[in-house]
Structure formats: structure tokens, C-alpha cells
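A short worksheet on the structure shown next.
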Amino acid sequence: MIDAKTNKPLHVSTDGTAGPYIMVPRSQLEELKQLLNNHSVPYWVDEDAISLDGAPAIAVVNLGRGTDADAIQGILDTAD
Amino acid sequence: MPLAQQIGELRDRVLGELQEIHDYYHDTTIAWRVLQQSVANGRSINAENEVTGTVTTGSDLAARAQGYVAGYLAEATFVQFVASFEIFFVELLQAWLTAYPRSLAQAELKFESVLDAPDKESVVRDVVRREVDKLAYKRPKEWFDYLAVVVKLRCPAPDEIARVAEAKASRDLLIHNRGVVTRAYILKAGDVARYTLNQRVEVSTPYHRATWELLRKVVSDLATAAIAKCT
């Protein structure tokens, strides 16, 4: 799955201690949620999508502790 | 001050606190997410700690942001929600028992404490405080059972009591066991336990929000019912 803002593949971030997460343009949030739902991946989304300097708003999808970030990255990489 | 007014003021104060804590959570989340995006967009940040000499860069901060927001911040504010509720419950019961102490008529106390008390109100206050302190160490289910007997309120609903008990049990784990589930949690949380033994509890955004809404509702409902009862 390609990030519409950066034109790079969506990336599962693993920094921090609270589990992996994905930053995604809000315009692609529903598509990402659908993808995660299709693979029965539990997640939650921050209450706000934030736009900086008028750029497209970015949402944060939290995957929670104990989630296999590599497996989720694999799901994103193989999605259309 | 009349009891109804006292309860009304207590309700307003605690609802205000819950609002403030949630605003802090929300605003702080935004601040960290803005920082993450700014760094991702190429903004450079360098901050030197004058005490330790440690230099923190924007990348360092951005890397810590997720743990701060989804971990520490969510958990700390969740713990504060529960603490605010506990304060509400304790003060509500104290106010009620002080106004209607007859239910404590069988309480035993040392004659010395009567002799030393400046007036009857002081004796009542002391007996009430001891009664409420004793109850505060018990489980939420017992708090509400006690309230049902003493104040005879028809709230909260059993499923709400179960969820308050689970939230309190989660709070206890975060404070006393680094969030790792114990048998005590499973026992306290009962049917609405969210985790099994040795799992690490998580305070997700939906759970954080649902708990905040639940505690606000229970505070409002209890106050409304108690005020109706004493007016």
C-alpha cells in the first residue's frame, strides 16, 4: 500500500514501547482499516487526524503491544 | 451547606476534573503527533539538557512519541480518571453519612475519643471517616452494595458496576504490578476481564474514552439520584 502523500510504501513504525503503529493520510484511513479488518488485525485509531500547514491530515493507527510488526508490514506490502 | 448543594458541588467539581484530564490527554496527544509529523517533514530540533548535558534531537523525540502517547500518557490519565471517581465516591458517602449518621449507630469507638472530642459533630466526623476509610479498601462491588443499603439509590446498573470494577482493577495493575495481569485482576474484573494471566493491560484510545464516559455517567447518575433522595 502506497502512502498517497509521500508516494512511498506505508511503513509500520516500531519505535517506542507501546507497540507498532502506522501514520497514514486520512484519505487512506478507511482503506487501511479495511485491509487490517480483512486480516483480523486488532488496532485503534487516534481521535484526531492532524494537518500541518494545510497539508493532508495524517491519522495514526495503533497496533498495540505484542503485535508482529513484520507480519503487518508484509500485509501492507502485498496490498494493491 | 445543605446536603443537596454539597453533592451538586461535588459532582460539578469531579466532572470538571474529568474534563480537564481528558483535555490534557487530547492536547498532549496532538502536541506529540505534531512533533512527529514536523520531524518527518524534515524539521530539525536540538535541545540540550543543561543539567546532564544530554542532547535530544527531533528524531529522538519523535521515536519516543508513540510510547509517550499510547503508553505513559494514556495510562497516566486513565489512572487519574479512576482516582477522580474514587474521590467522588468517598466524598459522596462521607457527606451522606455525616448528614444521616443513624446507619452507623452500632459503630464502636473508644470512650477516650468521645471525651477528647470538642463536640458531637467531631465524633460523627471521626466515625464516618473510619467507616469510609474501611470501605475504600474494599472492592467497587462492595462500595456499591454499601451505597445501595445506606442511601438506597437505584444506580448504577449492574453492568456499569462491573465495568467500574474492571477499570479499578486495571488501575490497580498499572499502579502496583507494571500493568501485568494477576489472579487478583481476574477475580476483581470478573466477567468483563479484558485479559488473561500475565498479559500486559493496554489502555487503547477506545477503552480510555469508554472509561471516561462511563465514569462521567456514573458520577452524574449517583449525584442526581442522591440529590433527589435528600430534597
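Identifiers in the C-alpha cells: chain A, B, ... in order shown; residue index from 1 per chain; ligand index from 1 in order shown.
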How close does each residue of chain A get to chain B, giving the shortest atom pair and distance in Å to one decimal for every residue with an atom at most 7 Å away, counting only C-alpha atoms, sorted by chain and residue number, as a tab-separated table?
```
residue	atom	partner	partner_atom	distance
A:Asp15	CA	B:Ala63	CA	5.2
A:Gly16	CA	B:Gly67	CA	4.4
A:Thr17	CA	B:Gly67	CA	4.8
A:Ala18	CA	B:Gly67	CA	4.7
A:Trp44	CA	B:Thr205	CA	6.7
A:Asp46	CA	B:Thr205	CA	6.6
```
File dump, residues just selected, all heavy atoms, as a tab-separated table (two decimals), in the first residue's frame:
```tsv
chain	number	residue	atom	x	y	z
A	15	ASP	N	9.18	2.23	16.77
A	15	ASP	CA	9.86	2.93	17.86
A	15	ASP	C	8.93	3.09	19.07
A	15	ASP	O	7.71	3.00	18.95
A	15	ASP	CB	10.37	4.30	17.39
A	15	ASP	CG	9.38	5.04	16.53
A	15	ASP	OD1	8.22	5.20	16.95
A	15	ASP	OD2	9.75	5.45	15.42
A	16	GLY	N	9.53	3.29	20.21
A	16	GLY	CA	8.73	3.41	21.43
A	16	GLY	C	8.42	2.05	22.03
A	16	GLY	O	8.81	1.01	21.49
A	17	THR	N	7.69	2.09	23.14
A	17	THR	CA	7.45	0.85	23.89
A	17	THR	C	5.98	0.48	23.93
A	17	THR	O	5.59	-0.43	24.65
A	17	THR	CB	7.92	1.05	25.35
A	17	THR	OG1	7.29	2.24	25.86
A	17	THR	CG2	9.42	1.19	25.45
A	18	ALA	N	5.18	1.20	23.15
A	18	ALA	CA	3.73	0.96	23.26
A	18	ALA	C	3.17	0.20	22.06
A	18	ALA	O	1.99	0.25	21.78
A	18	ALA	CB	3.01	2.29	23.44
A	44	TRP	N	-6.42	0.40	16.94
A	44	TRP	CA	-7.29	1.53	17.22
A	44	TRP	C	-6.68	2.77	16.61
A	44	TRP	O	-5.47	2.81	16.36
A	44	TRP	CB	-7.57	1.69	18.71
A	44	TRP	CG	-6.42	2.19	19.53
A	44	TRP	CD1	-6.10	3.49	19.80
A	44	TRP	CD2	-5.44	1.40	20.23
A	44	TRP	NE1	-4.99	3.55	20.61
A	44	TRP	CE2	-4.57	2.29	20.89
A	44	TRP	CE3	-5.22	0.02	20.36
A	44	TRP	CZ2	-3.48	1.85	21.66
A	44	TRP	CZ3	-4.15	-0.40	21.13
A	44	TRP	CH2	-3.30	0.50	21.76
A	46	ASP	N	-6.11	7.00	16.59
A	46	ASP	CA	-6.13	8.23	17.39
A	46	ASP	C	-7.41	9.01	17.11
A	46	ASP	O	-7.95	8.96	15.99
A	46	ASP	CB	-4.95	9.14	16.99
A	46	ASP	CG	-3.68	8.84	17.79
A	46	ASP	OD1	-3.64	7.81	18.50
A	46	ASP	OD2	-2.74	9.63	17.70
```
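Excluding Lys8 (chain A) and any residue on its chain fewer than 5 positions from it, the residues at most 12 Å away by only C-alpha atoms are Met1, Ile2, Asp3, Val24, Leu76 and Asp77 of chain A.
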Put those residues in a file: N, CA, C and O atoms, as a compact mmCIF listing (two decimals), in the first residue's frame.
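The resulting file, result_19.txt, is shown below:
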```txt
# COMPACT_ATOMS: atom_id res chain seq x y z
N MET A 1 0.86 -1.18 0.00
CA MET A 1 0.00 0.00 0.00
C MET A 1 0.90 1.24 0.00
O MET A 1 1.82 1.34 0.81
N ILE A 2 0.64 2.14 -0.93
CA ILE A 2 1.50 3.31 -1.11
C ILE A 2 0.90 4.53 -0.38
O ILE A 2 -0.30 4.80 -0.50
N ASP A 3 1.74 5.24 0.33
CA ASP A 3 1.33 6.46 1.01
C ASP A 3 1.08 7.54 -0.04
O ASP A 3 2.00 7.90 -0.80
N VAL A 24 -0.78 7.41 8.52
CA VAL A 24 -1.39 7.28 7.19
C VAL A 24 -2.22 8.53 6.86
O VAL A 24 -2.88 9.08 7.76
N LEU A 76 0.82 -4.94 4.41
CA LEU A 76 0.79 -3.65 3.69
C LEU A 76 1.52 -3.75 2.36
O LEU A 76 1.07 -3.22 1.33
N ASP A 77 2.66 -4.45 2.37
CA ASP A 77 3.48 -4.53 1.17
C ASP A 77 2.81 -5.33 0.05
O ASP A 77 3.08 -5.08 -1.13
```
Non-local contacts of Ala95 (chain B) (10 Å; only C-alpha atoms; under 5 positions in same chain excluded) as a VMD selection string: chain B and resid 3 to 4 6 to 7 10 89 to 90 100 to 101 125 128
Selection: 12 Å around Gln73 (chain A), only C-alpha atoms, excl. self and same-chain fewer than 2 positions, as a VMD selection string: chain A and resid 1 to 2 9 to 14 20 to 22 32 35 to 36 41 63 67 to 71 75 to 79
Among the residues B:Ala40, B:Cys230, B:Leu18, B:Val149, the one that comes closest to Ile58 (chain A) [using only C-alpha atoms]: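 Looking only at the distances to Ile58 (chain A), the closest residue turns out to be B:Ala40.
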DSSP strand (DSSP E or B) residues within chain A, as a PyMOL selection string: chain A and resi 2+9+12-13+21-25+44-45+50+58-62
Those residues with C-alpha atoms, as a PDB file, in the first residue's frame please?
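Below you can see out35.pdb, which holds the result:
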```
ATOM      1  CA  ILE A   2       1.497   3.312  -1.108  1.00  0.00           C
ATOM      2  CA  PRO A   9       5.200   2.323   0.821  1.00  0.00           C
ATOM      3  CA  VAL A  12       4.906   0.139  10.224  1.00  0.00           C
ATOM      4  CA  SER A  13       6.889   2.081  12.829  1.00  0.00           C
ATOM      5  CA  TYR A  21       1.867   1.996  14.644  1.00  0.00           C
ATOM      6  CA  ILE A  22       1.189   3.350  11.190  1.00  0.00           C
ATOM      7  CA  MET A  23       0.936   7.011  10.159  1.00  0.00           C
ATOM      8  CA  VAL A  24      -1.393   7.276   7.192  1.00  0.00           C
ATOM      9  CA  PRO A  25      -3.034  10.133   5.250  1.00  0.00           C
ATOM     10  CA  TRP A  44      -7.291   1.532  17.220  1.00  0.00           C
ATOM     11  CA  VAL A  45      -7.090   4.956  15.665  1.00  0.00           C
ATOM     12  CA  ILE A  50      -3.697  16.256  12.251  1.00  0.00           C
ATOM     13  CA  ILE A  58      -2.407  12.357   8.966  1.00  0.00           C
ATOM     14  CA  ALA A  59      -4.062   9.722  11.144  1.00  0.00           C
ATOM     15  CA  VAL A  60      -2.257   7.344  13.490  1.00  0.00           C
ATOM     16  CA  VAL A  61      -3.268   3.695  13.589  1.00  0.00           C
ATOM     17  CA  ASN A  62      -2.071   1.990  16.774  1.00  0.00           C
TER      18      ASN A  62
END
```
DSSP alpha helix (DSSP H) selection over chain A, as an MDAnalysis selection string: chainID A and resid 29:38 69:78
